[in-house]
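Trainee: To be precise about what I am sending: the file is called run-v9.txt and holds compact mmCIF, C-alpha atoms and all ligand atoms.
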# COMPACT_ATOMS: atom_id res chain seq x y z
CA MET A 1 0.00 0.00 0.00
CA ASN A 2 1.02 3.65 -0.20
CA GLY A 3 2.68 5.08 2.83
CA PRO A 4 2.71 8.75 3.63
CA ARG A 5 5.53 10.16 1.56
CA PHE A 6 7.66 12.23 3.82
CA ASP A 7 11.15 12.09 5.26
CA VAL A 8 10.93 11.71 9.02
CA GLU A 9 14.68 11.95 9.52
CA ALA A 10 14.84 15.25 7.64
CA TRP A 11 12.21 16.70 9.92
CA VAL A 12 14.03 15.47 13.04
CA ARG A 13 17.27 17.02 11.84
CA SER A 14 15.49 20.31 11.15
CA ARG A 15 14.21 20.50 14.72
CA PHE A 16 16.73 18.70 16.92
CA VAL A 17 20.38 18.03 17.43
CA VAL A 18 20.76 14.34 16.70
CA ARG A 19 23.06 13.16 19.45
CA ASN A 20 24.06 9.90 17.80
CA ALA A 21 24.43 11.33 14.29
CA ASP A 22 27.96 9.94 14.09
CA GLY A 23 26.62 6.41 14.47
CA GLY A 24 25.93 4.15 17.40
CA GLY A 25 23.05 4.15 19.85
CA GLY A 26 20.89 2.28 17.37
CA TYR A 27 21.51 4.81 14.60
CA ASP A 28 21.99 2.03 12.05
CA ARG A 29 18.59 0.64 12.96
CA GLY A 30 16.88 3.97 12.48
CA PHE A 31 17.00 5.31 16.04
CA LEU A 32 17.82 8.99 16.41
CA LYS A 33 18.65 10.20 19.90
CA VAL A 34 17.44 13.74 20.67
CA ASP A 35 16.50 15.98 23.57
CA CYS A 36 12.84 15.34 24.26
CA PRO A 37 10.67 18.37 23.34
CA PHE A 38 7.84 17.28 25.64
CA CYS A 39 9.64 17.58 28.96
CA ASP A 40 12.48 19.55 30.42
CA ASP A 41 15.11 17.31 28.90
CA SER A 42 18.63 18.26 27.94
CA ALA A 43 20.28 14.86 28.16
CA GLY A 44 19.02 13.04 25.09
CA HIS A 45 16.21 11.05 26.68
CA GLY A 46 14.11 11.34 23.58
CA TRP A 47 14.42 9.07 20.57
CA VAL A 48 12.78 8.80 17.22
CA ASN A 49 12.49 5.59 15.26
CA VAL A 50 12.47 6.93 11.72
CA LEU A 51 11.60 3.55 10.23
CA MET A 52 8.58 2.94 12.44
CA GLY A 53 7.59 6.61 12.59
CA TRP A 54 7.53 6.62 16.37
CA MET A 55 8.81 9.00 19.04
CA LYS A 56 9.34 8.28 22.71
CA CYS A 57 10.94 9.65 25.85
CA TRP A 58 12.72 7.58 28.49
CA ARG A 59 11.99 9.95 31.34
CA PRO A 60 9.22 8.64 33.59
CA GLY A 61 6.33 11.05 33.81
CA CYS A 62 7.07 12.71 30.47
CA PRO A 63 3.93 13.10 28.31
CA ALA A 64 5.83 11.16 25.64
CA SER A 65 6.91 8.32 27.93
CA GLU A 66 4.35 5.99 26.38
CA GLY A 67 5.52 6.96 22.93
CA LEU A 68 3.54 8.63 20.18
CA GLU A 69 3.20 8.40 16.45
CA ILE A 70 5.59 10.73 14.66
CA VAL A 71 2.79 12.67 12.95
CA GLU A 72 1.31 13.39 16.36
CA ALA A 73 4.75 14.45 17.61
CA VAL A 74 5.09 16.78 14.62
CA ARG A 75 1.63 18.16 15.29
CA ARG A 76 2.57 19.05 18.87
CA VAL A 77 6.09 20.32 18.18
CA GLU A 78 5.04 22.47 15.23
CA GLY A 79 1.84 23.61 16.90
CA PHE A 80 -0.72 22.30 14.43
CA THR A 81 -4.32 21.68 15.41
CA THR A 82 -4.87 18.53 13.40
CA GLN A 83 -2.77 15.61 12.24
CA THR A 84 -3.86 16.35 8.70
CA GLU A 85 -2.16 19.75 8.91
CA ALA A 86 0.97 18.04 10.21
CA ARG A 87 0.89 15.53 7.35
CA LEU A 88 0.44 18.26 4.74
CA PHE A 89 3.34 20.17 6.28
CA LEU A 90 5.59 17.10 6.22
CA ARG A 91 4.75 16.33 2.63
CA ARG A 92 5.37 19.90 1.60
CA GLU A 93 8.57 20.53 3.56
CA PHE A 94 10.11 17.08 3.80
CA PRO A 95 8.93 15.03 0.85
CA ALA A 96 10.37 11.54 0.57
CA THR A 97 11.54 10.40 -2.79
CA GLY A 98 10.88 6.69 -2.47
CA LEU A 99 8.37 4.46 -0.80
CA ASP A 100 7.93 5.22 2.84
CA PRO A 101 7.23 2.28 5.14
CA LEU A 102 5.10 4.23 7.60
CA PRO A 103 1.77 2.52 8.16
CA PRO A 104 -1.26 4.73 8.59
CA LYS A 105 -2.30 5.38 12.13
CA PRO A 106 -4.84 2.83 13.31
CA PRO A 107 -8.22 4.41 13.91
CA ALA A 108 -9.07 5.34 17.46
CA ALA A 109 -11.11 2.85 19.40
CA TYR A 110 -14.55 3.98 20.47
CA ASP A 111 -16.98 2.59 22.94
CA ASP A 112 -19.38 1.57 20.22
CA TRP A 113 -23.05 1.13 20.88
CA CYS A 114 -26.18 2.56 19.30
CA ARG A 115 -29.79 2.90 20.30
CA LEU A 116 -32.03 3.30 17.27
CA PRO A 117 -35.02 5.56 17.95
CA LYS A 118 -37.74 3.63 19.73
CA GLU A 119 -40.15 4.83 17.04
CA PHE A 120 -37.95 3.21 14.36
CA ARG A 121 -39.89 1.14 11.81
CA PRO A 122 -37.76 -1.00 9.51
CA ILE A 123 -38.30 -0.96 5.75
CA PRO A 124 -39.63 -4.47 5.01
CA LYS A 125 -37.35 -6.58 2.88
CA SER A 126 -38.17 -6.86 -0.78
CA GLY A 127 -40.25 -9.97 -1.43
CA SER A 128 -41.68 -9.96 2.10
CA PRO A 129 -45.47 -10.13 2.47
CA TYR A 130 -45.71 -6.37 2.83
CA TRP A 131 -44.77 -5.74 -0.74
CA THR A 132 -46.98 -8.42 -2.23
CA ARG A 133 -50.25 -7.53 -0.56
CA THR A 134 -52.31 -4.50 -1.40
CA GLY A 135 -53.32 -1.74 0.94
CA GLY A 136 -50.00 -1.18 2.64
CA SER A 137 -48.99 1.60 4.94
CA MET A 138 -49.27 5.08 3.52
CA LEU A 139 -46.68 6.17 6.05
CA LEU A 140 -44.19 3.63 4.77
CA ASP A 141 -45.05 4.39 1.16
CA GLU A 142 -44.33 8.06 1.75
CA ALA A 143 -40.88 7.34 3.19
CA VAL A 144 -39.99 4.92 0.41
CA ALA A 145 -41.33 7.27 -2.28
CA PHE A 146 -38.98 9.95 -1.01
CA ALA A 147 -35.93 7.69 -1.25
CA ARG A 148 -36.93 6.70 -4.75
CA LYS A 149 -37.39 10.27 -5.89
CA GLN A 150 -34.41 11.76 -4.08
CA TRP A 151 -31.80 9.06 -4.55
CA GLY A 152 -33.24 6.62 -7.04
CA VAL A 153 -33.19 3.74 -4.57
CA GLY A 154 -36.10 1.50 -3.69
CA PRO A 155 -37.11 -0.66 -0.74
CA ALA A 156 -34.75 -3.54 -1.59
CA THR A 157 -31.72 -1.27 -1.32
CA LEU A 158 -33.08 0.48 1.76
CA ALA A 159 -33.72 -2.86 3.46
CA ARG A 160 -30.23 -4.09 2.55
CA HIS A 161 -28.84 -1.13 4.47
CA GLY A 162 -31.13 -1.75 7.42
CA ALA A 163 -32.94 1.52 6.81
CA GLY A 164 -36.17 2.48 8.50
CA TYR A 165 -38.32 5.52 9.14
CA CYS A 166 -40.02 7.35 11.99
CA TRP A 167 -43.28 9.24 12.03
CA SER A 168 -43.12 10.32 15.65
CA GLY A 169 -40.53 11.27 18.23
CA ARG A 170 -37.35 13.28 17.85
CA HIS A 171 -36.73 11.83 14.40
CA ALA A 172 -40.29 12.08 13.11
CA TRP A 173 -40.64 12.16 9.33
CA ARG A 174 -37.10 11.03 8.74
CA LEU A 175 -35.62 8.08 6.96
CA ILE A 176 -33.22 6.45 9.40
CA LEU A 177 -30.03 5.06 7.91
CA PRO A 178 -27.92 2.95 10.27
CA VAL A 179 -24.17 3.44 10.08
CA VAL A 180 -22.49 0.03 10.27
CA MET A 181 -18.81 -0.11 11.15
CA GLY A 182 -16.92 -3.26 12.08
CA GLY A 183 -20.10 -5.27 11.48
CA ALA A 184 -22.19 -3.43 14.06
CA VAL A 185 -24.53 -0.47 14.01
CA VAL A 186 -22.53 2.33 15.64
CA ALA A 187 -24.72 5.33 14.76
CA PHE A 188 -27.43 6.45 12.41
CA GLN A 189 -28.33 9.40 10.27
CA GLY A 190 -31.84 10.65 9.71
CA ARG A 191 -32.91 12.40 6.49
CA SER A 192 -36.08 14.45 6.67
CA TYR A 193 -38.69 13.75 4.01
CA ARG A 194 -41.30 16.35 4.95
CA GLY A 195 -39.03 19.35 4.67
CA GLY A 196 -37.77 19.24 8.27
CA GLU A 197 -34.54 21.05 9.05
CA PRO A 198 -31.78 20.20 9.29
CA LYS A 199 -32.14 17.84 6.37
CA TYR A 200 -29.66 15.44 7.93
CA ARG A 201 -29.43 14.74 11.62
CA THR A 202 -26.85 12.38 13.03
CA SER A 203 -27.44 10.34 16.18
CA LYS A 204 -26.45 12.13 19.35
CA TRP A 205 -23.13 10.99 20.73
CA GLY A 206 -22.60 10.46 24.43
CA SER A 207 -22.09 7.94 27.17
CA TRP A 208 -24.38 4.96 27.58
CA ASP A 209 -25.66 6.35 30.88
CA ASP A 210 -26.85 9.55 29.23
CA ARG A 211 -30.52 8.97 28.47
CA ASP A 212 -30.45 11.43 25.58
CA ALA A 213 -27.40 9.88 23.94
CA GLU A 214 -28.03 7.66 20.96
CA CYS A 215 -24.59 6.30 20.11
CA GLY A 216 -21.05 5.99 21.45
CA ARG A 217 -19.16 7.34 18.47
CA PRO A 218 -18.86 11.01 17.49
CA ALA A 219 -19.93 12.17 14.03
CA GLU A 220 -16.33 12.98 13.05
CA ALA A 221 -15.48 9.26 13.22
CA LEU A 222 -18.38 7.96 11.11
CA LEU A 223 -18.23 6.75 7.53
CA PHE A 224 -21.21 5.18 5.80
CA ASN A 225 -20.55 1.87 4.01
CA LEU A 226 -16.91 1.66 5.16
CA ASP A 227 -17.23 -2.06 5.92
CA GLN A 228 -17.58 -2.78 2.20
CA VAL A 229 -14.11 -1.42 1.49
CA THR A 230 -11.49 -4.13 1.12
CA GLU A 231 -7.75 -3.78 0.64
CA GLY A 232 -6.94 -2.46 -2.81
CA CYS A 233 -10.52 -1.84 -3.88
CA ASP A 234 -11.47 1.44 -5.52
CA VAL A 235 -13.61 3.83 -3.53
CA THR A 236 -15.93 6.65 -4.51
CA LEU A 237 -16.11 9.14 -1.68
CA VAL A 238 -19.48 10.90 -1.63
CA GLU A 239 -21.24 13.22 0.81
CA GLY A 240 -24.61 11.68 1.54
CA PRO A 241 -25.72 8.13 2.34
CA GLY A 242 -28.21 8.31 -0.53
CA ASP A 243 -25.40 8.66 -3.05
CA ALA A 244 -23.65 5.67 -1.49
CA MET A 245 -26.81 3.55 -1.51
CA ARG A 246 -27.43 4.48 -5.10
CA GLN A 247 -24.05 3.05 -5.96
CA THR A 248 -24.64 -0.22 -4.11
CA ALA A 249 -28.05 -0.49 -5.77
CA ASP A 250 -26.36 -0.30 -9.14
CA ALA A 251 -23.72 -2.81 -8.12
CA ALA A 252 -26.29 -5.31 -6.82
CA ARG A 253 -28.30 -4.99 -10.00
CA GLY A 254 -25.19 -5.63 -12.02
CA ASP A 255 -24.38 -8.74 -9.98
CA SER A 256 -27.80 -10.35 -10.04
CA GLY A 257 -29.04 -9.20 -13.41
CA GLU A 258 -32.13 -8.16 -11.46
CA LYS A 259 -34.27 -5.67 -13.32
CA PRO A 260 -34.33 -2.35 -11.57
CA ARG A 261 -38.00 -2.67 -10.77
CA GLU A 262 -37.46 -1.38 -7.29
CA ASP A 263 -35.35 1.54 -8.40
CA VAL A 264 -35.96 4.33 -10.82
CA GLY A 265 -34.96 3.02 -14.20
CA GLY A 266 -32.71 4.68 -16.70
CA ARG A 267 -30.39 6.38 -14.27
CA PRO A 268 -26.74 6.11 -15.00
CA ALA A 269 -24.35 4.12 -12.90
CA LEU A 270 -21.70 5.73 -10.81
CA VAL A 271 -18.04 5.01 -11.32
CA GLY A 272 -17.24 1.42 -12.31
CA ARG A 273 -19.11 -1.33 -10.54
CA ASP A 274 -16.02 -2.50 -8.68
CA SER A 275 -15.88 0.78 -6.83
CA VAL A 276 -17.35 0.95 -3.34
CA ALA A 277 -19.15 4.16 -2.46
CA VAL A 278 -18.39 5.52 0.99
CA ALA A 279 -20.27 8.52 2.37
CA LEU A 280 -18.77 11.19 4.61
CA LEU A 281 -22.24 11.84 6.09
CA GLY A 282 -21.53 15.50 5.61
CA THR A 283 -18.93 17.57 3.84
CA ALA A 284 -16.00 17.41 6.28
CA LEU A 285 -13.13 14.98 5.96
CA THR A 286 -11.85 14.83 9.53
CA ASP A 287 -8.61 13.28 10.77
CA GLU A 288 -10.62 10.35 12.09
CA LYS A 289 -12.39 9.75 8.79
CA ALA A 290 -9.14 10.01 6.84
CA ALA A 291 -7.47 7.58 9.26
CA LEU A 292 -10.35 5.11 9.07
CA LEU A 293 -10.27 5.11 5.29
CA ALA A 294 -6.46 4.93 5.12
CA ALA A 295 -6.46 1.97 7.52
CA LYS A 296 -8.55 0.03 4.97
CA ALA A 297 -5.68 0.38 2.49
CA PRO A 298 -8.00 1.07 -0.46
CA GLY A 299 -6.87 1.38 -4.06
CA ARG A 300 -7.73 4.63 -5.78
CA VAL A 301 -10.23 6.93 -4.10
CA ILE A 302 -12.32 9.21 -6.31
CA VAL A 303 -13.60 12.20 -4.36
CA ALA A 304 -17.07 13.10 -5.61
CA MET A 305 -18.57 15.95 -3.66
CA ASP A 306 -21.92 17.40 -4.69
CA ALA A 307 -21.75 19.77 -7.63
CA GLU A 308 -22.20 22.95 -5.63
CA PRO A 309 -20.19 26.11 -6.27
CA GLU A 310 -17.82 25.62 -3.34
CA ALA A 311 -17.69 21.86 -3.65
CA GLU A 312 -14.87 21.65 -6.14
CA ALA A 313 -12.47 23.46 -3.84
CA ARG A 314 -13.61 21.23 -1.00
CA GLY A 315 -13.07 18.16 -3.15
CA ARG A 316 -9.57 19.28 -4.05
CA ARG A 317 -8.82 19.78 -0.40
CA HIS A 318 -10.08 16.26 0.39
CA VAL A 319 -7.86 14.82 -2.33
CA GLU A 320 -4.88 16.61 -0.80
CA VAL A 321 -5.77 15.35 2.67
CA LEU A 322 -6.20 11.75 1.53
CA ARG A 323 -2.86 11.85 -0.22
CA ALA A 324 -1.30 13.18 2.96
CA TRP A 325 -2.70 10.11 4.72
CA GLY A 326 -1.04 7.90 2.13
CA VAL A 327 -4.14 7.21 0.05
CA GLU A 328 -4.10 7.48 -3.74
CA ALA A 329 -6.84 9.99 -4.50
CA ASP A 330 -8.27 11.93 -7.43
CA LEU A 331 -11.06 14.40 -7.96
CA GLY A 332 -14.20 13.40 -9.78
CA ARG A 333 -17.05 15.58 -10.87
CA TRP A 334 -20.68 14.93 -11.64
CA VAL A 335 -22.00 15.28 -15.13
CA GLY A 336 -25.71 15.72 -15.76
CA GLY A 337 -26.90 16.54 -12.25
CA LYS A 338 -25.91 17.62 -8.78
CA ASP A 339 -25.07 14.15 -7.49
CA ALA A 340 -25.74 10.49 -8.08
CA GLY A 341 -29.26 10.81 -6.72
CA GLU A 342 -30.09 13.20 -9.52
CA GLY A 343 -28.92 10.72 -12.07
CA ALA A 344 -25.51 12.21 -12.72
CA ALA A 345 -22.51 10.21 -13.79
CA LEU A 346 -19.10 10.64 -12.35
CA VAL A 347 -16.16 11.73 -14.43
CA ARG A 348 -12.67 11.56 -13.08
CA THR A 349 -10.93 14.87 -13.62
CA ARG A 350 -7.33 13.99 -13.05
CA ARG A 351 -6.52 15.41 -16.44
CA PRO A 352 -9.19 18.00 -17.17
CA GLY A 353 -10.74 17.78 -20.57
CA LEU A 354 -9.80 14.19 -21.17
CA THR A 355 -13.16 12.59 -21.69
CA GLY A 356 -11.61 9.18 -22.15
CA LEU A 357 -11.69 8.90 -18.38
CA VAL A 358 -15.45 8.73 -18.19
CA LEU A 359 -16.15 5.85 -15.85
CA GLY A 360 -19.91 5.64 -16.03
CA ARG A 361 -22.54 6.33 -18.58
CA LEU A 362 -23.12 10.02 -19.06
CA GLY A 363 -26.15 11.52 -17.38
CA ARG A 364 -27.72 12.88 -20.51
ZN ZN A 401 10.37 13.74 27.64
Please go through the file and, once you have read it, give me the structure as structure tokens.
Ligand SMILES: [Zn+2]

Mentor:
Amino acid sequence: MNGPRFDVEAWVRSRFVVRNADGGGGYDRGFLKVDCPFCDDSAGHGWVNVLMGWMKCWRPGCPASEGLEIVEAVRRVEGFTTQTEARLFLRREFPATGLDPLPPKPPAAYDDWCRLPKEFRPIPKSGSPYWTRTGGSMLLDEAVAFARKQWGVGPATLARHGAGYCWSGRHAWRLILPVVMGGAVVAFQGRSYRGGEPKYRTSKWGSWDDRDAECGRPAEALLFNLDQVTEGCDVTLVEGPGDAMRQTADAARGDSGEKPREDVGGRPALVGRDSVAVALLGTALTDEKAALLAAKAPGRVIVAMDAEPEAEARGRRHVEVLRAWGVEADLGRWVGGKDAGEGAALVRTRRPGLTGLVLGRLGR
């Protein structure tokens, strides 16, 4: 896989006197001995393993005594707010020429749990008695009709994602889309279908004891459909869960040859069928989201933000961030609509104007 491409040793030498620069003290094995910047050290208690990308201090009680990832050390020493800023700085100031063996930081562990709203009604699976009898629920029909109109996905796709809807309670008149990570529901996002604002509302994060809390993982560490990403597979990074579901609907149809009875026909596919669509559940690509995606070691990631005026700049920024996290990324843009839900196709814009890179059918 791609490692972050930066030269750890060059950064260390720019900031510290390397006490074993003439060899010895593990220098040959990549250990650089320095004065620790995290405590009042002037005797070379700090060391950096430039091969592992790790920094540590031997003084008990030092904040770095447990060791920390080099990007985190750079963040603190240089005074950046986020690890992404530190990574961008390293890539800009200390680019490595060859492959860098640094693995991406493993995602933080969360106390994962999720309480779906008690008013949650699941979308019945396709082929279940609900869909074969007449005189169904108008409430359900309204929720499903919205998904069909807005995203071009029908009940089969919704059911596959464990979606449901509410018509009372805090999430009344919202489609509820569970966020599954590591095989378990860790959060959910509700999308209003009667004009309620905000359009999207993510489950409230808090401790299990908090009666108002709905999940144990903050929104900045959620990615929709991440479990489907396998090592080396291509990813389309979209904003909303509807765009991601649209993609899986297309993929499932391609696999089974199933006619798109349940979905709106005639809409173009997203990027190639082998690509997994992952949704940010918003527009921000946080450190946690970047780390989670990088840890999956995907192949190429096509960033496909909605076609709004400011979205292209945002998309470019996301591409830069993903690259800083060691992920191969390119910008895509929608043709023929605002997003996949509007029936647009995605065109990769690595080389602008080169239409040979169209990866799906064109929208119109
Ligand atoms: Zn120290």

Trainee: By how many Å are CA of Pro117 (chain A) and CA of Asp141 (chain A) apart?

Mentor: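 Computing it gives 19.6 Å between the two atoms.
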
Trainee: So that I can check the surroundings of Trp11 (chain A), please list as a list of chain:residue names every protein, DNA and RNA residue that reaches within 12 Å of it, counting all atoms listed in the file and ignoring chain neighbours fewer than 3 positions away.

Mentor: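 My reading of the contact set: A:Phe6, A:Asp7, A:Val8, A:Ser14, A:Arg15, A:Phe16, A:Val17, A:Val18, A:Leu32, A:Val48, A:Val50, A:Gly53, A:Ile70, A:Val71, A:Ala73, A:Val74, A:Arg75, A:Val77, A:Glu78, A:Ala86, A:Arg87, A:Phe89, A:Leu90, A:Arg91, A:Arg92, A:Glu93, A:Phe94, A:Pro95, A:Ala96.
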
Trainee: Mind running chain A against ligand ZN 401 (chain A) at 8 Å and telling me each contacting residue's nearest atom pair with the distance in Å (one decimal), counting only C-alpha atoms and all ligand atoms, chain and number ascending, as a tab-separated table?

Mentor:
residue	atom	partner	partner_atom	distance
A:Asp35	CA	A:ZN401	ZN	7.7
A:Cys36	CA	A:ZN401	ZN	4.5
A:Pro37	CA	A:ZN401	ZN	6.3
A:Phe38	CA	A:ZN401	ZN	4.8
A:Cys39	CA	A:ZN401	ZN	4.1
A:Asp40	CA	A:ZN401	ZN	6.8
A:Asp41	CA	A:ZN401	ZN	6.1
A:His45	CA	A:ZN401	ZN	6.5
A:Gly46	CA	A:ZN401	ZN	6.0
A:Lys56	CA	A:ZN401	ZN	7.4
A:Cys57	CA	A:ZN401	ZN	4.5
A:Trp58	CA	A:ZN401	ZN	6.6
A:Arg59	CA	A:ZN401	ZN	5.5
A:Pro60	CA	A:ZN401	ZN	7.9
A:Gly61	CA	A:ZN401	ZN	7.9
A:Cys62	CA	A:ZN401	ZN	4.5
A:Pro63	CA	A:ZN401	ZN	6.5
A:Ala64	CA	A:ZN401	ZN	5.6
A:Ser65	CA	A:ZN401	ZN	6.4

Trainee: For the residues in the current selection, export C-alpha atoms as a PDB file, in the frame of the given file.

Mentor:
ATOM      1  CA  ASP A  35      16.500  15.980  23.570  1.00  0.00           C
ATOM      2  CA  CYS A  36      12.840  15.340  24.260  1.00  0.00           C
ATOM      3  CA  PRO A  37      10.670  18.370  23.340  1.00  0.00           C
ATOM      4  CA  PHE A  38       7.840  17.280  25.640  1.00  0.00           C
ATOM      5  CA  CYS A  39       9.640  17.580  28.960  1.00  0.00           C
ATOM      6  CA  ASP A  40      12.480  19.550  30.420  1.00  0.00           C
ATOM      7  CA  ASP A  41      15.110  17.310  28.900  1.00  0.00           C
ATOM      8  CA  HIS A  45      16.210  11.050  26.680  1.00  0.00           C
ATOM      9  CA  GLY A  46      14.110  11.340  23.580  1.00  0.00           C
ATOM     10  CA  LYS A  56       9.340   8.280  22.710  1.00  0.00           C
ATOM     11  CA  CYS A  57      10.940   9.650  25.850  1.00  0.00           C
ATOM     12  CA  TRP A  58      12.720   7.580  28.490  1.00  0.00           C
ATOM     13  CA  ARG A  59      11.990   9.950  31.340  1.00  0.00           C
ATOM     14  CA  PRO A  60       9.220   8.640  33.590  1.00  0.00           C
ATOM     15  CA  GLY A  61       6.330  11.050  33.810  1.00  0.00           C
ATOM     16  CA  CYS A  62       7.070  12.710  30.470  1.00  0.00           C
ATOM     17  CA  PRO A  63       3.930  13.100  28.310  1.00  0.00           C
ATOM     18  CA  ALA A  64       5.830  11.160  25.640  1.00  0.00           C
ATOM     19  CA  SER A  65       6.910   8.320  27.930  1.00  0.00           C
TER      20      SER A  65
END

Trainee: Mind pulling up the distance from CA of Ala244 (chain A) to CA of Asp274 (chain A)?

Mentor: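 One can read the CA of Asp274 (chain A) to CA of Ala244 (chain A) distance as 13.3 Å.
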
Trainee: Which one is closest to Asp112 (chain A): A:Glu310, A:Asp243, A:Glu214, A:Asp234? Count all atoms listed in the file.

Mentor: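 Using all atoms listed in the file, Asp112 (chain A) sits closest to A:Glu214.
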
Trainee: How many Å separate CA of Lys289 (chain A) from CA of Ala213 (chain A)?

Mentor: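 Here the two named atoms are 21.3 Å from each other.
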
Trainee: Kindly indicate which residue among A:Arg19, A:Lys204, A:Arg13, A:Arg194 lies nearest to Leu139 (chain A), using all atoms listed in the file for the distances.

Mentor: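 Comparing A:Arg19, A:Lys204, A:Arg13, A:Arg194 against Leu139 (chain A), the winner is A:Arg194.
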
Trainee: Taking only C-alpha atoms into account, name the residue in A:Asn49, A:Ser203, A:Thr230, A:Asn20 that is nearest to Leu281 (chain A).

Mentor: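 Smallest separation from Leu281 (chain A) among the options: A:Ser203.
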
Trainee: With distances taken over all atoms listed in the file, which residue among A:Leu322, A:Ala43, A:Ser128, A:Ala21 lies nearest Thr286 (chain A)?

Mentor: A:Leu322
